[in-house]
Amino acid sequence: MSWASRLARTLAPLATADGFSETAIDGVRLIASGCGHPRTPLIYEPGIFVIAQGDKIGYLGDRVIHYGPGNYLVQAMPLPFECETLARADAPLLGISIAVDPLTLSELVHHLPAPSGVDRGAPEPMAAVALDDTMAEAVQRLALCLQDEHASRALGAGRVREVMFAALNGPQGQSLRQLVQQHGHYARIAESLNYLHRHFARPLTVETLAERANMSASHFHHHFKRTTQLSPVQYLKRLRLLRARVLLGQQRINVSRAAADVGYRSTSQFSREYKRYFGVSPSQS
């Protein structure tokens with residue numbers, strides 16, 4: 001039996017709801033879908049995403065990123081992108097996600113040798129890479145923990161560390177390693193994104209963000225766009241709209257309140273930009 005089949009068999013009885021669902025282990029969520037979904041805008045928080053059954057296709061700028069059985073997605077920074085899900089009722093999408101915890105990441109990096117070779121510049125903050133035996137076994141051990149509440153409490157944190165360690169030693173390890181380095185443009189942009197996610201409803205300017213990153217406005221704009229495929233203004237707009245969609249869908253608040261809560265001063269402008277981005281008006285969400 002392939003690793004993907006074993007993982008799918010382990011996850012199937014646990015995945016009782018579509019979408020992302022929490023587990024007994026902090027930062028670990030199940031991924032499930034009983035049907036396919038068309039290309040849709042969304043945003044992932046930093047994490048490692050392993051699909052055991054079904055397929056997902058991500059669209060980031062001009063890049064097309066496939067992550068299904070045989071590879072895993074490393075999301076080092078929260079990036080707005082579009083995602084398509086391929087699944088059927090008789091073969092539902094099944095997977096698992098592991099959040100990137102900065103403290104755990106920093107502790108693990110401390111025990112790794114310094115990278116050798118020539119610095120090739122900033123790595124891709126979002127990419128799918130081949131899943132090797134080490135990663136497959138670490139993910140399977142983590143999934144098996146989820147079958148037992150006592151095992152989750154006793155061993156869960158250690159199993160998460162195993163997965164993170166395997167990712168750090170994998171092809172996208174540098175994208176995670178550089179997050180905890182205190183110098184370099186990559187780490188500064190990552191911290192700027194964290195700040196944006198904490199304060200997206202406030203009035204923010206490129207100059208303010210650049211000053212926080214200790215960069216000139218022009219250099220900040222250049223490195224921000226190279227990393228995220230969006231300008232700071234475009235990123236903030238998409239982040240606000242994605243947050244508003246969550247508010248409208250989960251809290252059932254009205255459009256004016258959602259617009260204000262994510263930082264829009266004009267409800268009409270919010271409605272226009274929302275419809276342009278999602279293809280439907282906010283009142284239809």
# chains A, B, ... in the order shown; residues from 1 in each chain; ligands from 1
>>> residues_around(residues="range 80-95 of chain A", least_positions_apart="3", cutoff="9 Å", atoms="only C-alpha atoms", output="ChimeraX atom specification")
/A:7-8,11-12,15,29-44,49-61,68,228,230,235,238-239,242
>>> residues_around(residues="Arg198 in chain A", least_positions_apart="6", cutoff="12 Å", atoms="only C-alpha atoms", output="PyMOL selection string")
chain A and resi 191-192+204+236+239-240+243+262
>>> write_last_selection(atoms="all heavy atoms", output="short mmCIF file (atom, residue, chain, number, x, y, z; two decimals), in the first residue's frame")
data_model
loop_
_atom_site.label_atom_id
_atom_site.label_comp_id
_atom_site.auth_asym_id
_atom_site.auth_seq_id
_atom_site.Cartn_x
_atom_site.Cartn_y
_atom_site.Cartn_z
N GLU A 191 7.91 39.69 8.44
CA GLU A 191 7.44 40.42 9.62
C GLU A 191 6.44 41.50 9.23
O GLU A 191 5.46 41.75 9.95
CB GLU A 191 8.63 41.05 10.35
CG GLU A 191 8.25 41.92 11.54
CD GLU A 191 7.33 41.24 12.53
OE1 GLU A 191 7.47 40.01 12.75
OE2 GLU A 191 6.45 41.92 13.09
N SER A 192 6.62 42.12 8.07
CA SER A 192 5.67 43.12 7.59
C SER A 192 4.30 42.49 7.33
O SER A 192 3.26 43.09 7.63
CB SER A 192 6.18 43.79 6.32
OG SER A 192 7.37 44.52 6.56
N LEU A 204 -3.08 52.29 6.78
CA LEU A 204 -1.67 51.94 6.65
C LEU A 204 -1.12 52.49 5.34
O LEU A 204 -1.81 52.51 4.33
CB LEU A 204 -1.50 50.42 6.69
CG LEU A 204 -1.86 49.71 8.00
CD1 LEU A 204 -1.85 48.19 7.80
CD2 LEU A 204 -0.87 50.09 9.10
N LEU A 236 -2.92 44.50 0.81
CA LEU A 236 -3.81 44.95 1.88
C LEU A 236 -5.27 44.89 1.43
O LEU A 236 -6.14 44.46 2.19
CB LEU A 236 -3.43 46.37 2.30
CG LEU A 236 -4.29 46.99 3.40
CD1 LEU A 236 -4.26 46.14 4.67
CD2 LEU A 236 -3.81 48.41 3.71
N LEU A 239 -6.36 41.23 1.37
CA LEU A 239 -6.47 40.74 2.74
C LEU A 239 -7.76 41.23 3.39
O LEU A 239 -8.50 40.45 4.02
CB LEU A 239 -5.26 41.20 3.56
CG LEU A 239 -5.27 40.86 5.06
CD1 LEU A 239 -5.36 39.36 5.28
CD2 LEU A 239 -4.02 41.43 5.73
N ARG A 240 -8.07 42.50 3.22
CA ARG A 240 -9.31 43.05 3.78
C ARG A 240 -10.54 42.37 3.20
O ARG A 240 -11.49 42.04 3.92
CB ARG A 240 -9.36 44.55 3.53
CG ARG A 240 -8.43 45.36 4.43
CD ARG A 240 -8.40 46.82 4.03
NE ARG A 240 -7.71 47.63 5.03
CZ ARG A 240 -7.39 48.90 4.86
NH1 ARG A 240 -7.68 49.52 3.71
NH2 ARG A 240 -6.77 49.56 5.82
N ARG A 243 -10.88 38.82 4.58
CA ARG A 243 -11.36 38.86 5.96
C ARG A 243 -12.84 39.20 6.00
O ARG A 243 -13.60 38.66 6.81
CB ARG A 243 -10.56 39.89 6.77
CG ARG A 243 -9.09 39.57 6.95
CD ARG A 243 -8.88 38.28 7.70
NE ARG A 243 -7.47 38.11 8.05
CZ ARG A 243 -6.93 36.98 8.48
NH1 ARG A 243 -7.70 35.91 8.60
NH2 ARG A 243 -5.65 36.90 8.77
N VAL A 262 -13.21 45.80 8.46
CA VAL A 262 -11.94 45.47 7.77
C VAL A 262 -11.20 46.70 7.27
O VAL A 262 -10.19 46.58 6.60
CB VAL A 262 -12.17 44.48 6.61
CG1 VAL A 262 -12.78 43.19 7.11
CG2 VAL A 262 -13.04 45.10 5.51
#
>>> residues_around(residues="Leu193 in chain A", least_positions_apart="2", cutoff="10 Å", atoms="only C-alpha atoms", output="NGL selection string")
:A and (77-79 or 187-191 or 195-200 or 209 or 224 or 228 or 232 or 235-236)
>>> residues_around(residues="range 71-74 of chain A", least_positions_apart="5", cutoff="6 Å", atoms="only C-alpha atoms", output="PyMOL selection string")
chain A and resi 48-50+126-131
>>> closest_atom_pairs(of="range 8-42 of chain A", to="range 155-159 of chain A", cutoff="12 Å", atoms="only C-alpha atoms", output="Markdown table")
| residue | atom | partner | partner_atom | distance |
| --- | --- | --- | --- | --- |
| A:Thr23 | CA | A:Gly156 | CA | 10.3 |
| A:Ala24 | CA | A:Gly156 | CA | 8.4 |
| A:Ile25 | CA | A:Gly156 | CA | 5.8 |
| A:Asp26 | CA | A:Ala157 | CA | 7.9 |
| A:Gly27 | CA | A:Ala157 | CA | 9.4 |
| A:Val28 | CA | A:Gly156 | CA | 9.2 |
>>> closest_residue(among="A:Ala114, A:Ala201, A:Gly184, A:Ala4", to="Ala213 in chain A", atoms="only C-alpha atoms")
A:Gly184
>>> closest_residue(among="A:Val160, A:Ala166, A:Ile65, A:Leu176", to="Ser106 in chain A", atoms="only C-alpha atoms")
A:Leu176
>>> select_by_dssp(residues="range 23-69 of chain A", states="strand (DSSP E or B)", output="PDB file with N, CA, C and O atoms, in the first residue's frame")
ATOM      1  N   VAL A  28      -2.702  21.686  14.258  1.00  0.00           N
ATOM      2  CA  VAL A  28      -2.925  20.614  13.278  1.00  0.00           C
ATOM      3  C   VAL A  28      -4.404  20.582  12.914  1.00  0.00           C
ATOM      4  O   VAL A  28      -5.263  20.513  13.796  1.00  0.00           O
ATOM      5  N   ARG A  29      -4.696  20.634  11.616  1.00  0.00           N
ATOM      6  CA  ARG A  29      -6.082  20.599  11.157  1.00  0.00           C
ATOM      7  C   ARG A  29      -6.244  19.545  10.066  1.00  0.00           C
ATOM      8  O   ARG A  29      -5.303  19.261   9.314  1.00  0.00           O
ATOM      9  N   LEU A  30      -7.425  18.989   9.994  1.00  0.00           N
ATOM     10  CA  LEU A  30      -7.762  18.066   8.920  1.00  0.00           C
ATOM     11  C   LEU A  30      -8.318  18.855   7.740  1.00  0.00           C
ATOM     12  O   LEU A  30      -8.955  19.895   7.913  1.00  0.00           O
ATOM     13  N   ILE A  31      -8.077  18.345   6.542  1.00  0.00           N
ATOM     14  CA  ILE A  31      -8.591  18.958   5.316  1.00  0.00           C
ATOM     15  C   ILE A  31      -9.471  17.926   4.628  1.00  0.00           C
ATOM     16  O   ILE A  31      -9.044  16.785   4.409  1.00  0.00           O
ATOM     17  N   ALA A  32     -10.701  18.298   4.283  1.00  0.00           N
ATOM     18  CA  ALA A  32     -11.597  17.344   3.631  1.00  0.00           C
ATOM     19  C   ALA A  32     -12.562  18.075   2.713  1.00  0.00           C
ATOM     20  O   ALA A  32     -12.936  19.221   2.955  1.00  0.00           O
ATOM     21  N   SER A  33     -12.939  17.393   1.645  1.00  0.00           N
ATOM     22  CA  SER A  33     -13.964  17.924   0.741  1.00  0.00           C
ATOM     23  C   SER A  33     -14.574  16.763  -0.024  1.00  0.00           C
ATOM     24  O   SER A  33     -13.859  15.965  -0.628  1.00  0.00           O
ATOM     25  N   HIS A  37     -14.161  21.980  -6.097  1.00  0.00           N
ATOM     26  CA  HIS A  37     -14.505  23.397  -6.000  1.00  0.00           C
ATOM     27  C   HIS A  37     -13.731  24.159  -7.073  1.00  0.00           C
ATOM     28  O   HIS A  37     -12.534  23.889  -7.294  1.00  0.00           O
ATOM     29  N   PRO A  38     -14.386  25.090  -7.752  1.00  0.00           N
ATOM     30  CA  PRO A  38     -13.706  25.850  -8.789  1.00  0.00           C
ATOM     31  C   PRO A  38     -12.654  26.796  -8.206  1.00  0.00           C
ATOM     32  O   PRO A  38     -12.583  26.995  -6.980  1.00  0.00           O
ATOM     33  N   ARG A  39     -11.888  27.370  -9.078  1.00  0.00           N
ATOM     34  CA  ARG A  39     -10.835  28.308  -8.693  1.00  0.00           C
ATOM     35  C   ARG A  39     -11.426  29.458  -7.867  1.00  0.00           C
ATOM     36  O   ARG A  39     -12.322  30.175  -8.327  1.00  0.00           O
ATOM     37  N   THR A  40     -10.942  29.625  -6.646  1.00  0.00           N
ATOM     38  CA  THR A  40     -11.515  30.578  -5.698  1.00  0.00           C
ATOM     39  C   THR A  40     -10.406  31.321  -4.965  1.00  0.00           C
ATOM     40  O   THR A  40      -9.420  30.711  -4.545  1.00  0.00           O
ATOM     41  N   PRO A  41     -10.541  32.636  -4.767  1.00  0.00           N
ATOM     42  CA  PRO A  41      -9.538  33.379  -3.988  1.00  0.00           C
ATOM     43  C   PRO A  41      -9.567  32.956  -2.519  1.00  0.00           C
ATOM     44  O   PRO A  41     -10.634  32.777  -1.929  1.00  0.00           O
ATOM     45  N   LEU A  42      -8.386  32.816  -1.934  1.00  0.00           N
ATOM     46  CA  LEU A  42      -8.284  32.520  -0.503  1.00  0.00           C
ATOM     47  C   LEU A  42      -6.898  32.878  -0.012  1.00  0.00           C
ATOM     48  O   LEU A  42      -6.067  33.378  -0.764  1.00  0.00           O
ATOM     49  N   ILE A  43      -6.673  32.629   1.255  1.00  0.00           N
ATOM     50  CA  ILE A  43      -5.353  32.870   1.831  1.00  0.00           C
ATOM     51  C   ILE A  43      -5.080  31.799   2.872  1.00  0.00           C
ATOM     52  O   ILE A  43      -5.972  31.435   3.642  1.00  0.00           O
ATOM     53  N   GLY A  47       2.123  27.364   6.855  1.00  0.00           N
ATOM     54  CA  GLY A  47       1.948  25.980   7.268  1.00  0.00           C
ATOM     55  C   GLY A  47       2.469  25.009   6.237  1.00  0.00           C
ATOM     56  O   GLY A  47       2.963  25.392   5.171  1.00  0.00           O
ATOM     57  N   ILE A  48       2.346  23.732   6.572  1.00  0.00           N
ATOM     58  CA  ILE A  48       2.703  22.625   5.676  1.00  0.00           C
ATOM     59  C   ILE A  48       1.415  21.878   5.382  1.00  0.00           C
ATOM     60  O   ILE A  48       0.672  21.519   6.303  1.00  0.00           O
ATOM     61  N   PHE A  49       1.138  21.649   4.113  1.00  0.00           N
ATOM     62  CA  PHE A  49      -0.128  21.061   3.698  1.00  0.00           C
ATOM     63  C   PHE A  49       0.156  19.779   2.919  1.00  0.00           C
ATOM     64  O   PHE A  49       0.840  19.813   1.886  1.00  0.00           O
ATOM     65  N   VAL A  50      -0.369  18.670   3.422  1.00  0.00           N
ATOM     66  CA  VAL A  50      -0.142  17.359   2.815  1.00  0.00           C
ATOM     67  C   VAL A  50      -1.497  16.784   2.400  1.00  0.00           C
ATOM     68  O   VAL A  50      -2.378  16.606   3.244  1.00  0.00           O
ATOM     69  N   ILE A  51      -1.656  16.488   1.128  1.00  0.00           N
ATOM     70  CA  ILE A  51      -2.895  15.914   0.599  1.00  0.00           C
ATOM     71  C   ILE A  51      -2.670  14.433   0.329  1.00  0.00           C
ATOM     72  O   ILE A  51      -1.756  14.060  -0.408  1.00  0.00           O
ATOM     73  N   ALA A  52      -3.506  13.596   0.928  1.00  0.00           N
ATOM     74  CA  ALA A  52      -3.378  12.145   0.767  1.00  0.00           C
ATOM     75  C   ALA A  52      -4.258  11.622  -0.356  1.00  0.00           C
ATOM     76  O   ALA A  52      -3.952  10.603  -0.979  1.00  0.00           O
ATOM     77  N   GLN A  53      -5.369  12.299  -0.621  1.00  0.00           N
ATOM     78  CA  GLN A  53      -6.327  11.854  -1.644  1.00  0.00           C
ATOM     79  C   GLN A  53      -6.995  13.087  -2.250  1.00  0.00           C
ATOM     80  O   GLN A  53      -7.335  14.017  -1.543  1.00  0.00           O
ATOM     81  N   ASP A  55      -6.840  16.287  -5.219  1.00  0.00           N
ATOM     82  CA  ASP A  55      -5.794  17.204  -5.677  1.00  0.00           C
ATOM     83  C   ASP A  55      -6.206  18.634  -5.435  1.00  0.00           C
ATOM     84  O   ASP A  55      -7.393  18.974  -5.431  1.00  0.00           O
ATOM     85  N   LYS A  56      -5.189  19.472  -5.263  1.00  0.00           N
ATOM     86  CA  LYS A  56      -5.392  20.915  -5.207  1.00  0.00           C
ATOM     87  C   LYS A  56      -4.438  21.591  -6.179  1.00  0.00           C
ATOM     88  O   LYS A  56      -3.307  21.131  -6.376  1.00  0.00           O
ATOM     89  N   ILE A  57      -4.908  22.675  -6.783  1.00  0.00           N
ATOM     90  CA  ILE A  57      -4.090  23.450  -7.705  1.00  0.00           C
ATOM     91  C   ILE A  57      -4.133  24.893  -7.246  1.00  0.00           C
ATOM     92  O   ILE A  57      -5.218  25.484  -7.114  1.00  0.00           O
ATOM     93  N   GLY A  58      -2.972  25.460  -6.960  1.00  0.00           N
ATOM     94  CA  GLY A  58      -2.877  26.846  -6.540  1.00  0.00           C
ATOM     95  C   GLY A  58      -2.403  27.728  -7.677  1.00  0.00           C
ATOM     96  O   GLY A  58      -1.587  27.307  -8.511  1.00  0.00           O
ATOM     97  N   TYR A  59      -2.890  28.936  -7.714  1.00  0.00           N
ATOM     98  CA  TYR A  59      -2.506  29.916  -8.735  1.00  0.00           C
ATOM     99  C   TYR A  59      -2.003  31.156  -8.011  1.00  0.00           C
ATOM    100  O   TYR A  59      -2.759  31.855  -7.339  1.00  0.00           O
ATOM    101  N   LEU A  60      -0.718  31.425  -8.143  1.00  0.00           N
ATOM    102  CA  LEU A  60      -0.080  32.573  -7.501  1.00  0.00           C
ATOM    103  C   LEU A  60       0.633  33.372  -8.583  1.00  0.00           C
ATOM    104  O   LEU A  60       1.685  32.956  -9.085  1.00  0.00           O
ATOM    105  N   ARG A  63       2.288  31.637 -11.604  1.00  0.00           N
ATOM    106  CA  ARG A  63       2.695  30.288 -11.216  1.00  0.00           C
ATOM    107  C   ARG A  63       1.476  29.402 -11.001  1.00  0.00           C
ATOM    108  O   ARG A  63       0.452  29.841 -10.475  1.00  0.00           O
ATOM    109  N   VAL A  64       1.597  28.136 -11.405  1.00  0.00           N
ATOM    110  CA  VAL A  64       0.574  27.121 -11.155  1.00  0.00           C
ATOM    111  C   VAL A  64       1.218  26.069 -10.256  1.00  0.00           C
ATOM    112  O   VAL A  64       2.239  25.473 -10.617  1.00  0.00           O
ATOM    113  N   ILE A  65       0.635  25.848  -9.072  1.00  0.00           N
ATOM    114  CA  ILE A  65       1.244  25.002  -8.051  1.00  0.00           C
ATOM    115  C   ILE A  65       0.330  23.821  -7.775  1.00  0.00           C
ATOM    116  O   ILE A  65      -0.780  23.982  -7.256  1.00  0.00           O
ATOM    117  N   HIS A  66       0.774  22.615  -8.126  1.00  0.00           N
ATOM    118  CA  HIS A  66       0.001  21.399  -7.883  1.00  0.00           C
ATOM    119  C   HIS A  66       0.468  20.770  -6.568  1.00  0.00           C
ATOM    120  O   HIS A  66       1.664  20.550  -6.369  1.00  0.00           O
ATOM    121  N   TYR A  67      -0.473  20.490  -5.693  1.00  0.00           N
ATOM    122  CA  TYR A  67      -0.110  19.751  -4.478  1.00  0.00           C
ATOM    123  C   TYR A  67      -1.198  18.725  -4.179  1.00  0.00           C
ATOM    124  O   TYR A  67      -2.312  19.030  -3.847  1.00  0.00           O
TER     125      TYR A  67
END
>>> residues_around(residues="Ala210 in chain A", least_positions_apart="4", cutoff="9 Å", atoms="only C-alpha atoms", output="MDAnalysis selection string")
chainID A and resid 192 205:206 214:221
>>> write_last_selection(atoms="N, CA and C atoms", output="mmCIF file, in the first residue's frame")
data_model
loop_
_atom_site.group_PDB
_atom_site.id
_atom_site.type_symbol
_atom_site.label_atom_id
_atom_site.label_comp_id
_atom_site.auth_asym_id
_atom_site.auth_seq_id
_atom_site.Cartn_x
_atom_site.Cartn_y
_atom_site.Cartn_z
ATOM 1 N N SER A 192 6.625 42.125 8.066
ATOM 2 C CA SER A 192 5.666 43.124 7.592
ATOM 3 C C SER A 192 4.305 42.493 7.331
ATOM 4 N N THR A 205 0.115 52.908 5.377
ATOM 5 C CA THR A 205 0.768 53.406 4.171
ATOM 6 C C THR A 205 2.037 52.614 3.910
ATOM 7 N N VAL A 206 2.503 52.663 2.667
ATOM 8 C CA VAL A 206 3.752 51.992 2.312
ATOM 9 C C VAL A 206 4.898 52.578 3.125
ATOM 10 N N ASN A 214 12.624 48.990 8.364
ATOM 11 C CA ASN A 214 13.939 49.635 8.259
ATOM 12 C C ASN A 214 14.454 49.606 6.816
ATOM 13 N N MET A 215 13.567 49.935 5.889
ATOM 14 C CA MET A 215 13.893 49.976 4.472
ATOM 15 C C MET A 215 13.339 51.267 3.880
ATOM 16 N N SER A 216 13.925 51.705 2.790
ATOM 17 C CA SER A 216 13.347 52.839 2.082
ATOM 18 C C SER A 216 12.034 52.401 1.444
ATOM 19 N N ALA A 217 11.160 53.348 1.160
ATOM 20 C CA ALA A 217 9.858 53.003 0.579
ATOM 21 C C ALA A 217 10.022 52.295 -0.757
ATOM 22 N N SER A 218 10.965 52.730 -1.575
ATOM 23 C CA SER A 218 11.144 52.124 -2.897
ATOM 24 C C SER A 218 11.685 50.700 -2.785
ATOM 25 N N HIS A 219 12.655 50.488 -1.886
ATOM 26 C CA HIS A 219 13.201 49.146 -1.710
ATOM 27 C C HIS A 219 12.157 48.216 -1.085
ATOM 28 N N PHE A 220 11.406 48.735 -0.138
ATOM 29 C CA PHE A 220 10.363 47.921 0.487
ATOM 30 C C PHE A 220 9.338 47.486 -0.546
ATOM 31 N N HIS A 221 8.879 48.413 -1.366
ATOM 32 C CA HIS A 221 7.892 48.098 -2.410
ATOM 33 C C HIS A 221 8.436 47.029 -3.355
#
